[in-house]
>>> print(open('entry.txt').read())   # compact mmCIF, C-alpha atoms and all ligand atoms
# COMPACT_ATOMS: atom_id res chain seq x y z
CA MET A 191 -17.71 5.82 7.27
CA ILE A 192 -15.18 8.59 6.99
CA HIS A 193 -13.27 9.09 3.80
CA PHE A 194 -9.95 10.84 3.61
CA LEU A 195 -9.87 11.44 -0.11
CA ARG A 196 -8.05 14.68 -0.42
CA ALA A 197 -6.00 16.04 -3.21
CA PHE A 198 -3.29 18.57 -2.94
CA LEU A 199 -1.41 19.98 -5.83
CA PHE A 200 1.79 21.89 -5.53
CA ALA A 201 3.73 23.47 -8.30
CA ALA A 202 6.40 26.06 -8.18
CA VAL A 203 8.94 27.41 -10.54
CA LEU A 204 12.42 28.18 -9.34
CA PHE A 205 14.92 30.25 -11.20
CA THR A 206 18.56 29.44 -11.52
CA ALA A 207 21.26 32.06 -10.99
CA GLY A 208 21.18 32.82 -14.72
CA GLY A 209 17.46 33.59 -14.58
CA GLN A 210 16.49 30.47 -16.53
CA PRO A 211 13.46 28.66 -15.15
CA ALA A 212 14.46 25.29 -13.67
CA ARG A 213 12.09 22.39 -13.35
CA ALA A 214 10.96 22.44 -9.72
CA LEU A 215 9.47 19.63 -7.71
CA GLU A 216 5.85 18.86 -8.48
CA LEU A 217 3.84 16.90 -5.92
CA ALA A 218 0.31 15.50 -6.00
CA GLY A 219 -1.47 13.30 -3.49
CA ASN A 220 -2.33 13.02 0.18
CA LEU A 221 -0.08 14.66 2.76
CA VAL A 222 -1.69 12.66 5.54
CA GLN A 223 -0.75 9.59 7.60
CA GLY A 224 -1.24 6.59 5.29
CA GLY A 225 -1.09 8.84 2.22
CA LEU A 226 0.70 8.43 -1.09
CA VAL A 227 2.28 11.33 -2.95
CA THR A 228 3.49 11.13 -6.51
CA GLY A 229 5.92 13.64 -7.87
CA LYS A 230 8.12 14.81 -10.65
CA ALA A 231 11.66 16.10 -10.35
CA ALA A 232 14.16 17.04 -13.04
CA PRO A 233 15.30 13.91 -14.92
CA GLY A 234 18.47 12.67 -13.30
CA ALA A 235 17.71 14.38 -9.98
CA ARG A 236 18.76 12.72 -6.73
CA LEU A 237 16.07 12.72 -4.09
CA THR A 238 15.96 12.07 -0.36
CA LEU A 239 13.09 11.96 2.12
CA ASP A 240 14.30 12.67 5.65
CA GLY A 241 17.77 11.77 4.45
CA THR A 242 16.82 8.41 2.91
CA PRO A 243 17.31 8.07 -0.87
CA VAL A 244 14.10 7.89 -2.94
CA ALA A 245 13.93 5.89 -6.20
CA VAL A 246 13.50 8.17 -9.23
CA ALA A 247 12.44 6.95 -12.70
CA PRO A 248 14.45 8.11 -15.74
CA ASP A 249 11.80 10.78 -16.52
CA GLY A 250 12.06 12.20 -12.98
CA SER A 251 8.87 10.55 -11.62
CA PHE A 252 8.92 9.43 -8.01
CA ILE A 253 6.68 8.28 -5.18
CA ILE A 254 6.78 8.91 -1.45
CA GLY A 255 4.47 7.53 1.21
CA PHE A 256 3.63 8.23 4.82
CA GLY A 257 2.89 5.46 7.31
CA ARG A 258 0.21 5.11 9.97
CA ASN A 259 2.34 6.93 12.53
CA ALA A 260 4.26 9.30 10.24
CA LYS A 261 5.70 12.33 11.99
CA ALA A 262 4.12 15.75 11.42
CA LYS A 263 7.04 17.03 9.35
CA ALA A 264 9.05 15.47 6.56
CA VAL A 265 11.82 16.97 4.48
CA LEU A 266 12.07 16.22 0.79
CA ARG A 267 15.27 17.27 -0.91
CA ALA A 268 16.03 17.17 -4.61
CA GLU A 269 19.41 17.70 -6.21
CA PRO A 270 18.87 18.27 -9.93
CA PRO A 271 21.77 17.50 -12.28
CA GLU A 272 21.97 21.24 -12.97
CA GLY A 273 20.99 24.20 -10.88
CA LEU A 274 20.33 24.56 -7.20
CA PRO A 275 19.07 21.85 -4.87
CA GLU A 276 15.51 22.28 -3.63
CA THR A 277 14.29 21.47 -0.14
CA ARG A 278 10.61 21.14 0.61
CA GLU A 279 9.25 20.85 4.13
CA LEU A 280 6.08 18.79 4.11
CA THR A 281 3.40 18.86 6.80
CA ILE A 282 1.74 15.48 7.31
CA GLU A 283 -1.79 15.52 8.64
CA LYS A 284 -2.38 13.34 11.70
CA ARG A 285 -5.23 10.84 11.88
CA ARG A 286 -7.15 9.10 14.63
CA TYR A 287 -7.59 5.37 14.43
CA LYS A 288 -10.34 3.05 15.57
CA ILE A 289 -10.11 0.01 17.77
CA GLN A 290 -11.43 -3.16 16.15
CA ARG A 291 -12.17 -6.34 18.07
CA ILE A 292 -12.43 -9.62 16.21
CA ASP A 293 -13.33 -12.80 18.04
CA GLY A 294 -13.77 -16.36 16.91
CA LEU A 295 -10.47 -16.69 15.06
CA PRO A 296 -8.69 -20.05 15.33
CA GLU A 297 -6.31 -19.69 18.29
CA ARG A 298 -3.51 -21.29 16.27
CA LYS A 299 -3.67 -18.31 13.87
CA VAL A 300 -3.69 -15.69 16.66
CA THR A 301 -0.95 -17.11 18.89
CA PRO A 302 1.08 -19.51 16.76
CA THR A 303 3.43 -21.70 18.79
CA ARG A 304 3.96 -24.83 16.69
CA PRO A 305 7.47 -24.92 15.20
CA GLU A 306 6.11 -25.75 11.73
CA ASP A 307 3.75 -22.75 11.88
CA LEU A 308 6.54 -20.42 13.01
CA ALA A 309 8.79 -21.68 10.20
CA ARG A 310 6.03 -21.04 7.64
CA ILE A 311 5.37 -17.54 8.98
CA LYS A 312 9.08 -16.72 8.71
CA MET A 313 9.23 -18.02 5.13
CA ASP A 314 6.04 -16.14 4.12
CA GLN A 315 7.36 -12.89 5.62
CA ALA A 316 10.69 -13.28 3.80
CA ARG A 317 8.92 -13.72 0.44
CA ILE A 318 6.70 -10.69 1.01
CA ALA A 319 9.68 -8.62 2.21
CA GLU A 320 11.62 -9.53 -0.94
CA VAL A 321 8.84 -8.10 -3.12
CA ARG A 322 8.63 -4.94 -0.98
CA ARG A 323 12.35 -4.29 -1.41
CA ARG A 324 12.07 -3.99 -5.20
CA ALA A 325 12.51 -0.55 -6.69
CA THR A 326 11.38 -1.23 -10.26
CA LEU A 327 12.13 1.98 -12.17
CA LYS A 328 8.72 1.98 -13.89
CA THR A 329 5.68 4.21 -13.51
CA PHE A 330 2.91 1.64 -14.05
CA PHE A 331 0.93 3.53 -11.36
CA ASP A 332 0.50 6.46 -13.77
CA THR A 333 -2.79 5.04 -15.10
CA GLY A 334 -4.44 5.39 -11.67
CA PHE A 335 -6.22 3.08 -9.27
CA MET A 336 -9.61 1.46 -8.65
CA TRP A 337 -11.30 -0.62 -5.95
CA PRO A 338 -10.24 -4.24 -6.52
CA VAL A 339 -13.63 -5.60 -5.47
CA GLU A 340 -17.20 -4.47 -4.90
CA GLY A 341 -18.58 -5.11 -1.44
CA ARG A 342 -18.98 -3.77 2.08
CA VAL A 343 -15.96 -2.19 3.76
CA SER A 344 -15.63 -4.24 6.95
CA GLY A 345 -12.22 -3.08 8.12
CA VAL A 346 -10.37 0.22 7.68
CA PHE A 347 -6.70 1.14 7.63
CA GLY A 348 -4.86 1.73 10.87
CA SER A 349 -7.29 0.24 13.39
CA GLN A 350 -5.77 -1.09 16.55
CA ARG A 351 -6.61 -4.79 16.45
CA ILE A 352 -7.72 -6.95 19.33
CA LEU A 353 -7.95 -10.52 18.10
CA ASN A 354 -9.59 -13.10 20.39
CA GLY A 355 -9.03 -10.55 23.20
CA LYS A 356 -5.30 -10.10 22.50
CA PRO A 357 -3.74 -6.87 21.22
CA ARG A 358 -2.17 -7.42 17.80
CA ALA A 359 -0.54 -5.30 15.07
CA PRO A 360 -2.67 -2.48 13.62
CA HIS A 361 -4.71 -3.30 10.54
CA ASN A 362 -2.57 -2.34 7.58
CA GLY A 363 -5.10 -2.43 4.75
CA VAL A 364 -8.78 -2.29 3.88
CA ASP A 365 -11.15 -5.25 4.25
CA VAL A 366 -14.03 -5.63 1.82
CA ALA A 367 -16.61 -8.27 2.66
CA ALA A 368 -18.11 -9.93 -0.41
CA PRO A 369 -19.48 -13.36 -1.27
CA ARG A 370 -16.99 -16.11 -1.95
CA GLY A 371 -16.19 -16.22 -5.67
CA THR A 372 -16.63 -12.45 -6.28
CA PRO A 373 -14.00 -11.34 -8.83
CA VAL A 374 -10.90 -9.59 -7.45
CA LYS A 375 -9.26 -7.15 -9.85
CA ALA A 376 -5.87 -5.46 -10.06
CA MET A 377 -6.08 -1.98 -8.49
CA GLY A 378 -3.76 -0.65 -11.18
CA ASP A 379 -1.29 -1.62 -13.88
CA GLY A 380 1.73 -3.60 -12.80
CA VAL A 381 3.66 -6.85 -12.81
CA VAL A 382 2.48 -9.78 -10.69
CA ALA A 383 5.32 -10.14 -8.20
CA LEU A 384 4.03 -12.95 -6.00
CA VAL A 385 1.40 -15.68 -6.18
CA ASN A 386 1.14 -18.03 -3.24
CA GLN A 387 -1.56 -20.64 -2.64
CA ASP A 388 -1.17 -21.12 1.10
CA MET A 389 0.39 -18.49 3.32
CA PHE A 390 -0.15 -18.94 7.05
CA PHE A 391 -1.93 -15.68 7.83
CA THR A 392 -2.89 -14.51 4.36
CA GLY A 393 -3.94 -17.74 2.58
CA LYS A 394 -4.06 -17.41 -1.19
CA THR A 395 -2.07 -14.26 -1.86
CA VAL A 396 -1.21 -12.10 -4.87
CA MET A 397 1.14 -9.10 -4.92
CA ILE A 398 1.48 -6.60 -7.76
CA ASP A 399 4.48 -4.33 -8.36
CA HIS A 400 3.27 -0.94 -9.62
CA GLY A 401 6.78 0.51 -9.88
CA LEU A 402 9.09 2.68 -7.74
CA GLY A 403 8.42 0.61 -4.61
CA LEU A 404 4.63 0.77 -4.76
CA THR A 405 3.05 -2.68 -4.31
CA SER A 406 -0.46 -3.92 -3.69
CA VAL A 407 -1.45 -7.16 -1.98
CA TYR A 408 -4.70 -9.15 -2.22
CA ILE A 409 -5.20 -11.83 0.39
CA HIS A 410 -7.54 -14.54 1.73
CA MET A 411 -8.60 -15.33 -1.84
CA ASP A 412 -10.47 -18.45 -2.88
CA ALA A 413 -8.58 -18.74 -6.16
CA THR A 414 -5.84 -16.88 -7.99
CA THR A 415 -5.96 -16.48 -11.77
CA VAL A 416 -2.59 -14.90 -12.63
CA ASN A 417 1.05 -16.00 -12.67
CA GLU A 418 4.19 -14.39 -11.32
CA GLY A 419 5.85 -12.20 -13.94
CA GLU A 420 2.60 -11.51 -15.79
CA PHE A 421 1.77 -7.88 -16.65
CA VAL A 422 -1.74 -6.93 -15.58
CA THR A 423 -3.72 -3.82 -16.33
CA LYS A 424 -6.06 -1.97 -13.99
CA GLY A 425 -9.32 -3.90 -13.60
CA MET A 426 -8.00 -7.23 -14.85
CA GLN A 427 -9.19 -10.16 -12.75
CA ILE A 428 -6.47 -11.70 -10.59
CA GLY A 429 -8.57 -14.04 -8.44
CA THR A 430 -11.75 -14.42 -6.41
CA VAL A 431 -12.82 -13.52 -2.88
CA GLY A 432 -12.37 -16.30 -0.36
CA ALA A 433 -11.77 -17.14 3.28
CA THR A 434 -8.25 -18.59 3.28
CA GLY A 435 -5.70 -17.80 6.03
CA ARG A 436 -6.63 -15.95 9.25
CA VAL A 437 -10.27 -14.98 8.71
CA THR A 438 -13.73 -15.36 10.17
CA GLY A 439 -15.54 -15.10 6.83
CA PRO A 440 -15.06 -14.36 3.13
CA HIS A 441 -13.53 -10.97 2.41
CA LEU A 442 -10.71 -9.37 0.50
CA HIS A 443 -7.93 -7.76 2.47
CA TRP A 444 -6.41 -5.16 0.19
CA GLY A 445 -3.09 -3.67 1.15
CA VAL A 446 -0.84 -1.06 -0.45
CA SER A 447 2.78 -0.39 0.50
CA TRP A 448 5.54 1.97 -0.46
CA PHE A 449 8.50 -0.31 0.22
CA ASN A 450 7.91 -1.34 3.87
CA THR A 451 5.55 1.53 4.66
CA HIS A 452 1.91 0.48 4.70
CA LEU A 453 -0.39 3.04 3.08
CA ASP A 454 -4.16 3.46 3.22
CA PRO A 455 -5.62 1.98 0.00
CA ALA A 456 -8.87 3.91 0.50
CA LEU A 457 -6.98 7.18 -0.06
CA LEU A 458 -6.15 6.10 -3.62
CA VAL A 459 -9.72 5.70 -4.84
CA ALA A 460 -13.06 7.47 -4.69
CA PRO A 461 -15.44 6.18 -2.00
CA GLN A 462 -17.58 3.22 -3.02
CA LYS A 463 -21.14 4.24 -3.78
CA PRO A 464 -23.80 2.79 -1.46
CA GLY A 465 -25.16 -0.43 -2.89
CA GLU A 466 -22.05 -1.14 -4.91
ZN ZN B 501 -7.62 -7.15 6.71
>>> encode(input="entry.txt", output="structure tokens")
Amino acid sequence: MIHFLRAFLFAAVLFTAGGQPARALELAGNLVQGGLVTGKAAPGARLTLDGTPVAVAPDGSFIIGFGRNAKAKAVLRAEPPEGLPETRELTIEKRRYKIQRIDGLPERKVTPTRPEDLARIKMDQARIAEVRRRATLKTFFDTGFMWPVEGRVSGVFGSQRILNGKPRAPHNGVDVAAPRGTPVKAMGDGVVALVNQDMFFTGKTVMIDHGLGLTSVYIHMDATTVNEGEFVTKGMQIGTVGATGRVTGPHLHWGVSWFNTHLDPALLVAPQKPGE
């Protein structure tokens, strides 16, 4: 298995016209497709990524993320309340993705046609989308991340999926196969933003809001053990591994998003040690 754990650190000091050092943009994280970058700007700064506004916490903290097919260049621009604006051109490393074939899924879950199924899918997607729109001005993510479950990685981020022989959307998270009932833990601090007992594709589902548009999702669980609105800390149990929704066997699908951009969860944590 290939790991993409890379860390880049950038720091620079700019000087204003008067020669006073101004707080420049600080960035840390993975400038790669699927990567998350955290940063610090001057408090009160206005930020855009490729022209789109980026949420900034009162202390100047922010997050940006790059999707599966992110372009090679991105432009981050910060306008501090005082001093000159700063523009940073970022180079995003390209990745190659696998093709994954999964057979034996219930056909109803691969090609849904029943009106009641389609209505459920639409409702599920609306609830998930509502959580992903939130820009909570908190930096719960500051305390870092961990694997939510111990097990065997059975699906990686970005794979082109062929389900029952039919091309489907790329895999947007990491799958960890583990026995039913294995504890599932919060990857980081945050507020439980969604708990659902029966989503069409994802079964028992929990979402956590880590602040500034960063959310994590834990799906196909056997049981959930938290409530919406509850604050959880990194490592706290939120449920157990199961086989609910569109699955062939018990595993945890772990997803991470920056607003609507799916990120690679594996880039946020150190590789699992063999045997863990
Ligand atoms: Zn999955």
>>> residues_near_ligand(input="entry.txt", ligand="ligand ZN 501 (chain B)", cutoff="12 Å", atoms="only C-alpha atoms and all ligand atoms", output="ChimeraX atom specification")
/A:290,292,343-351,353,359-367,391-393,407-411,433-446,454-455
>>> residues_around(input="entry.txt", residues="region 259-275 of chain A", least_positions_apart="5", cutoff="7 Å", atoms="only C-alpha atoms", output="PyMOL selection string")
chain A and resi 206+223+232+234-240+280-284
>>> closest_residue(input="entry.txt", among="A:Glu279, A:Asp307, A:Glu340, A:Asp379", to="Ile398 (chain A)", atoms="all atoms listed in the file")
A:Asp379
>>> closest_residue(input="entry.txt", among="A:Ala413, A:Met389, A:Ile428, A:Val422", to="Asp314 (chain A)", atoms="only C-alpha atoms")
A:Met389
>>> atom_distance(input="entry.txt", atom1="CA of Phe252 (chain A)", atom2="CA of Asn386 (chain A)")
28.9 Å
>>> atom_distance(input="entry.txt", atom1="CA of Lys328 (chain A)", atom2="CA of Gly401 (chain A)")
4.7 Å
>>> atom_distance(input="entry.txt", atom1="CA of Asp332 (chain A)", atom2="CA of Arg317 (chain A)")
26.1 Å
>>> closest_residue(input="entry.txt", among="A:Phe256, A:Tyr287, A:Trp337, A:Phe390", to="Ala456 (chain A)", atoms="all atoms listed in the file")
A:Trp337
>>> closest_residue(input="entry.txt", among="A:Val244, A:Leu295, A:Ala214, A:Leu226", to="Lys356 (chain A)", atoms="only C-alpha atoms")
A:Leu295
>>> closest_residue(input="entry.txt", among="A:Ile254, A:Thr372, A:Thr329, A:Val339", to="Gly219 (chain A)", atoms="all atoms listed in the file")
A:Ile254
>>> closest_residue(input="entry.txt", among="A:Pro302, A:Pro373, A:Gly425, A:Gly225", to="Leu457 (chain A)", atoms="only C-alpha atoms")
A:Gly225
>>> residues_around(input="entry.txt", residues="Thr405 (chain A)", least_positions_apart="4", cutoff="9 Å", atoms="all atoms listed in the file", output="list in words")
Val321, Arg322, Gly380, Ala383, Met397, Ile398, Asp399, His400, Gly401, Gly445, Val446, Ser447, Trp448 and Phe449 of chain A
>>> decode(input="entry.txt", residues="region 230-246 of chain A", atoms="N, CA and C atoms", output="PDB file, in the first residue's frame")
ATOM      1  N   LYS A 230      -2.635  29.992   8.718  1.00  0.00           N
ATOM      2  CA  LYS A 230      -2.843  31.125   9.625  1.00  0.00           C
ATOM      3  C   LYS A 230      -2.616  32.400   8.823  1.00  0.00           C
ATOM      4  N   ALA A 231      -3.571  33.300   8.914  1.00  0.00           N
ATOM      5  CA  ALA A 231      -3.426  34.618   8.305  1.00  0.00           C
ATOM      6  C   ALA A 231      -3.554  35.634   9.431  1.00  0.00           C
ATOM      7  N   ALA A 232      -3.371  36.893   9.109  1.00  0.00           N
ATOM      8  CA  ALA A 232      -3.557  37.931  10.134  1.00  0.00           C
ATOM      9  C   ALA A 232      -5.022  37.905  10.584  1.00  0.00           C
ATOM     10  N   PRO A 233      -5.280  38.033  11.895  1.00  0.00           N
ATOM     11  CA  PRO A 233      -6.680  38.087  12.344  1.00  0.00           C
ATOM     12  C   PRO A 233      -7.431  39.175  11.590  1.00  0.00           C
ATOM     13  N   GLY A 234      -8.606  38.809  11.125  1.00  0.00           N
ATOM     14  CA  GLY A 234      -9.414  39.782  10.375  1.00  0.00           C
ATOM     15  C   GLY A 234      -9.134  39.787   8.886  1.00  0.00           C
ATOM     16  N   ALA A 235      -8.170  38.964   8.440  1.00  0.00           N
ATOM     17  CA  ALA A 235      -7.845  38.924   7.009  1.00  0.00           C
ATOM     18  C   ALA A 235      -9.006  38.334   6.216  1.00  0.00           C
ATOM     19  N   ARG A 236      -9.121  38.776   4.970  1.00  0.00           N
ATOM     20  CA  ARG A 236     -10.082  38.158   4.038  1.00  0.00           C
ATOM     21  C   ARG A 236      -9.297  37.296   3.082  1.00  0.00           C
ATOM     22  N   LEU A 237      -9.798  36.076   2.879  1.00  0.00           N
ATOM     23  CA  LEU A 237      -9.036  35.097   2.107  1.00  0.00           C
ATOM     24  C   LEU A 237      -9.859  34.570   0.942  1.00  0.00           C
ATOM     25  N   THR A 238      -9.210  34.332  -0.185  1.00  0.00           N
ATOM     26  CA  THR A 238      -9.877  33.638  -1.285  1.00  0.00           C
ATOM     27  C   THR A 238      -8.948  32.561  -1.831  1.00  0.00           C
ATOM     28  N   LEU A 239      -9.551  31.477  -2.300  1.00  0.00           N
ATOM     29  CA  LEU A 239      -8.818  30.428  -3.013  1.00  0.00           C
ATOM     30  C   LEU A 239      -9.416  30.368  -4.411  1.00  0.00           C
ATOM     31  N   ASP A 240      -8.612  30.659  -5.410  1.00  0.00           N
ATOM     32  CA  ASP A 240      -9.090  30.752  -6.791  1.00  0.00           C
ATOM     33  C   ASP A 240     -10.345  31.622  -6.885  1.00  0.00           C
ATOM     34  N   GLY A 241     -10.332  32.690  -6.125  1.00  0.00           N
ATOM     35  CA  GLY A 241     -11.415  33.662  -6.204  1.00  0.00           C
ATOM     36  C   GLY A 241     -12.608  33.384  -5.305  1.00  0.00           C
ATOM     37  N   THR A 242     -12.646  32.191  -4.689  1.00  0.00           N
ATOM     38  CA  THR A 242     -13.770  31.838  -3.815  1.00  0.00           C
ATOM     39  C   THR A 242     -13.408  32.168  -2.367  1.00  0.00           C
ATOM     40  N   PRO A 243     -14.295  32.858  -1.627  1.00  0.00           N
ATOM     41  CA  PRO A 243     -13.972  33.202  -0.245  1.00  0.00           C
ATOM     42  C   PRO A 243     -13.729  31.965   0.620  1.00  0.00           C
ATOM     43  N   VAL A 244     -12.764  32.067   1.531  1.00  0.00           N
ATOM     44  CA  VAL A 244     -12.423  30.988   2.455  1.00  0.00           C
ATOM     45  C   VAL A 244     -12.792  31.459   3.865  1.00  0.00           C
ATOM     46  N   ALA A 245     -13.436  30.565   4.641  1.00  0.00           N
ATOM     47  CA  ALA A 245     -13.808  30.913   6.025  1.00  0.00           C
ATOM     48  C   ALA A 245     -12.541  31.081   6.861  1.00  0.00           C
ATOM     49  N   VAL A 246     -12.495  32.143   7.662  1.00  0.00           N
ATOM     50  CA  VAL A 246     -11.340  32.412   8.526  1.00  0.00           C
ATOM     51  C   VAL A 246     -11.844  32.588   9.962  1.00  0.00           C
TER      52      VAL A 246
END
